[in-house]
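Data first, discussion second: the structure below is written as structure tokens.
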Amino acid sequence: MNWFQTAIKSLEELRHVLVAFVRQVRWPVTSVIGRFLMRSHINQTHLTMARIFFLIVFYFVWVNSFFIAALVLMLAAWALDCLDGDLSRMLGHDSSIGVFEDIMGDNLACLVFPLALIQTGLLNGVIGGLFIFASFTNIWMINRNQDEAGLVFQLRSSMFVSLPAIFIWALMFGYIFFKFNIFNGSFLVVAILLCLSVAGNYFQIIRARL
């Protein structure tokens, strides 16, 4: 699995570069909005709760085929996801609580989107279930330290936390605008990649304990 870990490391380095670039591009906008929110006594927790609310409402809107409204909710959730991190840093609240809230929102997104597709018959239930399992397992493994008898082991595969969300967004927009229905094949490919990531993390743990 060394080749896989090398590939993950390369993807992780690329992700850091892209994240830094996106933050620089959006900072002029988010900083202005952030200052306004600070004066209004709104913090990142309020934004995260609003994002979770939008994701829940999205499910019911999508299954009732109100796709334009679903698109608006997706955009709102994405905007809040971008803004809450910047606002947290502006407030100096970049803490474990903020990380937990952000992961909770990511978990909900990885659950709500596939469930909405399964409910509307656009995604096979077995493939969707495998995708959800692999996504949640990666998120759990990546954000958990293994600490036994002085051994501290930190997983390094956070690329696979953001990958499912980016992937789902692209497919959703493609379906809304162009009616591209490639959910089954695409979800299967990404689910396999996520399972490989789980296997790679597992072997890392085993090697660290030997």
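Naming works like this for the structure tokens: A, B, ... for the chains as they're shown, residue 1 at the start of each chain, ligands 1 onward in shown order.
Using only C-alpha atoms, the protein and nucleic acid residues lying no more than 10 Å from range 184-188 of chain A, apart from those fewer than 5 places from it along its own chain, are Pro114, Leu117, Leu122, Leu123, Asn124, Gly125, Val126, Ile127, Gly128, Leu130, Phe131, Ile132, Pro164, Phe167, Ile168, Leu171, Leu193 and Leu194 of chain A.
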Handout entry: Minimum-distance residue to Leu37 in chain A, chosen among A:Met49, A:Leu83, A:Ile176, A:Ile68 (using only C-alpha atoms)
Key =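 Of the candidates, the smallest distance to Leu37 in chain A is held by A:Leu83.
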Practice task
Go through A:Leu55, A:Val61, A:Leu108, A:Ala50 and flag the residue nearest Leu80 in chain A, using only C-alpha atoms for the distances.
Solution key: A:Ala50
Exercise for the section: Mind giving me the straight-line distance from CA of Asn107 in chain A to CA of Phe133 in chain A in Å, one decimal? Expected result: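 It comes out at 10.8 Å.
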Would you list the contacts of Ile56 in chain A as a short mmCIF file (atom, residue, chain, number, x, y, z; two decimals) with N, CA and C atoms, in the first residue's frame, taking every protein, DNA or RNA residue within 12 Å and counting only C-alpha atoms, but skipping same-chain residues closer than 2 positions in sequence?
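Saved the output as selection.cif:
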data_model
loop_
_atom_site.label_atom_id
_atom_site.label_comp_id
_atom_site.auth_asym_id
_atom_site.auth_seq_id
_atom_site.Cartn_x
_atom_site.Cartn_y
_atom_site.Cartn_z
N MET A 49 -25.04 26.03 12.55
CA MET A 49 -26.40 25.58 12.80
C MET A 49 -27.31 25.93 11.62
N ALA A 50 -27.09 27.11 11.03
CA ALA A 50 -27.88 27.49 9.85
C ALA A 50 -27.58 26.56 8.68
N ARG A 51 -26.29 26.20 8.51
CA ARG A 51 -25.91 25.27 7.43
C ARG A 51 -26.58 23.92 7.61
N ILE A 52 -26.61 23.43 8.84
CA ILE A 52 -27.27 22.15 9.12
C ILE A 52 -28.76 22.25 8.82
N PHE A 53 -29.38 23.36 9.18
CA PHE A 53 -30.80 23.56 8.88
C PHE A 53 -31.05 23.54 7.38
N PHE A 54 -30.19 24.24 6.61
CA PHE A 54 -30.36 24.27 5.16
C PHE A 54 -30.22 22.87 4.55
N PHE A 58 -32.99 20.93 2.55
CA PHE A 58 -32.64 20.50 1.20
C PHE A 58 -33.20 19.11 0.89
N TYR A 59 -33.09 18.19 1.86
CA TYR A 59 -33.55 16.82 1.63
C TYR A 59 -35.02 16.81 1.21
N PHE A 60 -35.85 17.50 1.94
CA PHE A 60 -37.29 17.49 1.67
C PHE A 60 -37.61 18.24 0.38
N VAL A 61 -36.84 19.27 0.07
CA VAL A 61 -37.05 20.00 -1.17
C VAL A 61 -36.66 19.15 -2.37
N TRP A 62 -35.51 18.45 -2.26
CA TRP A 62 -35.06 17.61 -3.38
C TRP A 62 -36.01 16.46 -3.66
N VAL A 63 -36.46 15.76 -2.64
CA VAL A 63 -37.31 14.59 -2.86
C VAL A 63 -38.67 15.00 -3.41
N ALA A 70 -33.71 23.60 -4.30
CA ALA A 70 -32.63 22.77 -3.77
C ALA A 70 -31.27 23.37 -4.11
N LEU A 73 -30.55 26.23 -1.76
CA LEU A 73 -30.15 25.73 -0.44
C LEU A 73 -28.72 25.18 -0.46
N MET A 74 -28.35 24.52 -1.56
CA MET A 74 -26.98 24.02 -1.69
C MET A 74 -25.98 25.17 -1.70
N ALA A 77 -25.73 26.65 1.80
CA ALA A 77 -24.94 25.79 2.68
C ALA A 77 -23.46 25.91 2.35
N GLY A 105 -21.22 19.14 10.31
CA GLY A 105 -21.84 19.60 9.08
C GLY A 105 -21.42 18.78 7.88
N LEU A 108 -23.21 15.45 7.93
CA LEU A 108 -24.60 15.56 7.50
C LEU A 108 -24.70 15.67 5.99
N ALA A 109 -23.77 16.43 5.38
CA ALA A 109 -23.77 16.55 3.93
C ALA A 109 -23.53 15.21 3.25
N CYS A 110 -22.58 14.42 3.80
CA CYS A 110 -22.29 13.09 3.24
C CYS A 110 -23.44 12.12 3.44
N LEU A 111 -24.36 12.44 4.35
CA LEU A 111 -25.51 11.58 4.59
C LEU A 111 -26.73 12.05 3.81
N VAL A 112 -27.02 13.35 3.84
CA VAL A 112 -28.25 13.88 3.27
C VAL A 112 -28.27 13.75 1.75
N PHE A 113 -27.18 14.09 1.07
CA PHE A 113 -27.17 14.07 -0.38
C PHE A 113 -27.40 12.66 -0.94
N LEU A 115 -28.83 10.10 0.54
CA LEU A 115 -30.18 9.67 0.92
C LEU A 115 -31.23 10.31 0.03
N ALA A 116 -31.04 11.58 -0.31
CA ALA A 116 -31.99 12.25 -1.20
C ALA A 116 -31.99 11.60 -2.59
#
Exercise for the section: From range 17-192 of chain A, collect each residue whose DSSP state is alpha helix (DSSP H) and return the set as a PyMOL selection string. Expected result: chain A and resi 17-39+44-63+67-91+96-119+125-142+159-178+183-192
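With only C-alpha atoms as the atoms that count, the minimum distance from Met90 in chain A to the choices A:Phe183, A:Trp78, A:Phe36, A:Phe203 is reached by A:Phe36.
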